[in-house]
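Student: Please read through the structure below; I'll follow up with questions.
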Amino acid sequence: MVERAEYMLGLAIFVHSVKMVLRNLKQALQISVVPALIGGFLAIGLFFLFDAPHKQFEGATATTPDPTAVMTLLGFLFCIVIVVFVVMLWIVVSWHRFVLLEEYPSGLVPPFRFDRVLAYFGRLLMLFLLAFILMIPAALIMSMLAQSSAVLGAIFWVGLIVCLTIGFYRASPILPGAAIGKPIKLSEAWQATSGASGAIALLVVLSILFQILLQLLASLLLFIPIIGILIVLFASMLIVPLINVSILTTIYGVFIEKRELT
């Protein structure tokens, strides 16, 4: 009975996260559209500033790559990554604050809270580095297994990805905590989510199945001229990312703030 209740919690978290976005579409648009447009305009500006395509093609016609063209292209790509990442964190932090603090967006542009974005980035980077460190010995083990059996190597790799994903979700409360200015330690997040690995595993499976379902629906909608393409773009660029963020928000609300799911 306990195990069943645990798995049902995973389903409840997923359903709640989807409903959270669908019933707050107005706020989702207010939070995400203008930052995305600002990021798009900045990307266009960088495109012309670096004259990236022209330099890239010019370098490609030479016998050896033009170092100036290569550096220009790398500089352009680096700036684009920075813009995309900052805009993404701007939207994510704003969404966390809207859900957890009821900080409703006012006006066209949501507040850009540099300190919260920086704190969020720091914790995200910490989780990435921890995963990278764990991947080093795991990659060596997988390599040894793959030498004896490719199947064993593949099974080990899949198991590793699943474990890392579950571990990320268990540690994820540190992210919304940073967004709302109530930081918690990694050990505190891990302790708060102890015993929830089954629920989180189901949550991961549901998320993957949901993504697959959306891909299938998108492939069908693309056959509808204009409207179908717009629906696919709207879902892939707004709905799906915010649902993924809402899962982290819900995990924080359930395990840290002890909120009831409605």
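Just so we're on the same page: first chain in the structure tokens is A, next is B, and so on; residues restart at 1 for each chain, and ligands are numbered from 1 in the order they show up.
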Counting only C-alpha atoms, what is within 8 Å of stretch 197-205 of chain A, bar same-chain residues fewer than 2 positions away, as a PDB file with N, CA, C and O atoms, in the first residue's frame?
Tutor:
ATOM      1  N   GLU A   3       3.962   1.504  -1.127  1.00  0.00           N
ATOM      2  CA  GLU A   3       4.615   1.659  -2.428  1.00  0.00           C
ATOM      3  C   GLU A   3       3.637   2.224  -3.451  1.00  0.00           C
ATOM      4  O   GLU A   3       4.001   3.072  -4.276  1.00  0.00           O
ATOM      5  N   GLU A   6       3.284   5.834  -2.925  1.00  0.00           N
ATOM      6  CA  GLU A   6       4.487   6.533  -3.373  1.00  0.00           C
ATOM      7  C   GLU A   6       4.452   6.750  -4.879  1.00  0.00           C
ATOM      8  O   GLU A   6       4.724   7.854  -5.364  1.00  0.00           O
ATOM      9  N   TYR A   7       4.095   5.705  -5.614  1.00  0.00           N
ATOM     10  CA  TYR A   7       4.034   5.843  -7.065  1.00  0.00           C
ATOM     11  C   TYR A   7       2.904   6.793  -7.477  1.00  0.00           C
ATOM     12  O   TYR A   7       3.045   7.551  -8.442  1.00  0.00           O
ATOM     13  N   MET A   8       1.790   6.746  -6.754  1.00  0.00           N
ATOM     14  CA  MET A   8       0.692   7.660  -7.057  1.00  0.00           C
ATOM     15  C   MET A   8       1.111   9.109  -6.854  1.00  0.00           C
ATOM     16  O   MET A   8       0.610  10.014  -7.520  1.00  0.00           O
ATOM     17  N   LEU A   9       2.038   9.348  -5.935  1.00  0.00           N
ATOM     18  CA  LEU A   9       2.552  10.700  -5.730  1.00  0.00           C
ATOM     19  C   LEU A   9       3.281  11.191  -6.975  1.00  0.00           C
ATOM     20  O   LEU A   9       3.145  12.355  -7.364  1.00  0.00           O
ATOM     21  N   GLY A  10       4.011  10.291  -7.633  1.00  0.00           N
ATOM     22  CA  GLY A  10       4.676  10.665  -8.878  1.00  0.00           C
ATOM     23  C   GLY A  10       3.678  11.073  -9.945  1.00  0.00           C
ATOM     24  O   GLY A  10       3.875  12.068 -10.651  1.00  0.00           O
ATOM     25  N   LEU A  11       2.588  10.324 -10.053  1.00  0.00           N
ATOM     26  CA  LEU A  11       1.538  10.663 -11.008  1.00  0.00           C
ATOM     27  C   LEU A  11       0.889  11.993 -10.639  1.00  0.00           C
ATOM     28  O   LEU A  11       0.633  12.835 -11.504  1.00  0.00           O
ATOM     29  N   ILE A  13       2.168  14.512  -8.989  1.00  0.00           N
ATOM     30  CA  ILE A  13       3.089  15.625  -9.260  1.00  0.00           C
ATOM     31  C   ILE A  13       3.066  15.976 -10.743  1.00  0.00           C
ATOM     32  O   ILE A  13       3.026  17.153 -11.118  1.00  0.00           O
ATOM     33  N   PHE A  14       3.073  14.954 -11.584  1.00  0.00           N
ATOM     34  CA  PHE A  14       3.073  15.201 -13.029  1.00  0.00           C
ATOM     35  C   PHE A  14       1.775  15.874 -13.466  1.00  0.00           C
ATOM     36  O   PHE A  14       1.802  16.877 -14.197  1.00  0.00           O
ATOM     37  N   VAL A 162      19.200   6.888 -15.946  1.00  0.00           N
ATOM     38  CA  VAL A 162      18.004   6.877 -15.088  1.00  0.00           C
ATOM     39  C   VAL A 162      18.368   7.310 -13.671  1.00  0.00           C
ATOM     40  O   VAL A 162      17.672   8.141 -13.063  1.00  0.00           O
ATOM     41  N   THR A 165      19.117  10.999 -13.527  1.00  0.00           N
ATOM     42  CA  THR A 165      17.890  11.793 -13.652  1.00  0.00           C
ATOM     43  C   THR A 165      17.121  11.818 -12.341  1.00  0.00           C
ATOM     44  O   THR A 165      16.653  12.875 -11.897  1.00  0.00           O
ATOM     45  N   ILE A 166      17.001  10.640 -11.709  1.00  0.00           N
ATOM     46  CA  ILE A 166      16.326  10.581 -10.415  1.00  0.00           C
ATOM     47  C   ILE A 166      17.091  11.420  -9.388  1.00  0.00           C
ATOM     48  O   ILE A 166      16.497  12.159  -8.590  1.00  0.00           O
ATOM     49  N   TYR A 169      16.351  15.141  -9.898  1.00  0.00           N
ATOM     50  CA  TYR A 169      15.055  15.546  -9.352  1.00  0.00           C
ATOM     51  C   TYR A 169      15.081  15.587  -7.830  1.00  0.00           C
ATOM     52  O   TYR A 169      14.453  16.465  -7.213  1.00  0.00           O
ATOM     53  N   ARG A 170      15.795  14.661  -7.207  1.00  0.00           N
ATOM     54  CA  ARG A 170      15.886  14.667  -5.748  1.00  0.00           C
ATOM     55  C   ARG A 170      16.648  15.886  -5.243  1.00  0.00           C
ATOM     56  O   ARG A 170      16.347  16.416  -4.179  1.00  0.00           O
ATOM     57  N   THR A 193      13.761  14.648   0.153  1.00  0.00           N
ATOM     58  CA  THR A 193      13.194  13.776  -0.880  1.00  0.00           C
ATOM     59  C   THR A 193      13.561  12.309  -0.664  1.00  0.00           C
ATOM     60  O   THR A 193      13.359  11.492  -1.560  1.00  0.00           O
ATOM     61  N   SER A 194      14.101  11.994   0.507  1.00  0.00           N
ATOM     62  CA  SER A 194      14.440  10.590   0.778  1.00  0.00           C
ATOM     63  C   SER A 194      13.164   9.750   0.795  1.00  0.00           C
ATOM     64  O   SER A 194      12.130  10.171   1.298  1.00  0.00           O
ATOM     65  N   GLY A 195      13.242   8.573   0.220  1.00  0.00           N
ATOM     66  CA  GLY A 195      12.082   7.705   0.141  1.00  0.00           C
ATOM     67  C   GLY A 195      11.161   8.001  -1.025  1.00  0.00           C
ATOM     68  O   GLY A 195      10.131   7.341  -1.186  1.00  0.00           O
ATOM     69  N   SER A 207       7.108  11.714 -17.858  1.00  0.00           N
ATOM     70  CA  SER A 207       7.631  12.852 -18.630  1.00  0.00           C
ATOM     71  C   SER A 207       8.107  12.403 -20.003  1.00  0.00           C
ATOM     72  O   SER A 207       7.844  13.065 -21.014  1.00  0.00           O
ATOM     73  N   ILE A 208       8.798  11.263 -20.041  1.00  0.00           N
ATOM     74  CA  ILE A 208       9.294  10.744 -21.321  1.00  0.00           C
ATOM     75  C   ILE A 208       8.126  10.358 -22.225  1.00  0.00           C
ATOM     76  O   ILE A 208       8.106  10.699 -23.416  1.00  0.00           O
ATOM     77  N   LEU A 209       7.145   9.653 -21.656  1.00  0.00           N
ATOM     78  CA  LEU A 209       5.972   9.257 -22.452  1.00  0.00           C
ATOM     79  C   LEU A 209       5.208  10.480 -22.947  1.00  0.00           C
ATOM     80  O   LEU A 209       4.709  10.495 -24.079  1.00  0.00           O
TER      81      LEU A 209
END
Student: What's the 10 Å shell around A:Ser94, counting only C-alpha atoms, without same-chain residues fewer than 3 positions away, as a PyMOL selection string?
Tutor: chain A and resi 28+31-32+88-91+97-99+103-105+110-113+116-117+179-180
Student: Mind the document's chain letters and residue numbers, and return as a PyMOL selection string the residues of stretch 25-211 of chain A that DSSP labels helix (DSSP H, G or I).
Tutor: chain A and resi 25-50+52-60+67-101+114-148+150-171+174-179+186-192+197-211
Student: Which residues of stretch 82-149 of chain A come within 10 Å of stretch 40-46 of chain A, and what is each one's closest atom pair and distance in Å (one decimal), counting only C-alpha atoms, sorted by chain and residue number, as JSON lines?
Tutor:
{"residue": "A:Val83", "atom": "CA", "partner": "A:Ala43", "partner_atom": "CA", "distance": 7.3}
{"residue": "A:Val84", "atom": "CA", "partner": "A:Ala43", "partner_atom": "CA", "distance": 8.5}
{"residue": "A:Val87", "atom": "CA", "partner": "A:Gly40", "partner_atom": "CA", "distance": 9.6}
Student: Quick one: of A:Leu175, A:Met135, A:Leu25, A:Leu213, who's nearest to A:Thr250, counting only C-alpha atoms?
Tutor: A:Leu175
Student: Name the closest residue to A:Lys182 among the candidates A:Phe132, A:Tyr120, A:Phe50, A:Phe168; distances are taken between atoms, counting only C-alpha atoms.
Tutor: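 Counting only C-alpha atoms, the residue closest to A:Lys182 is A:Tyr120.
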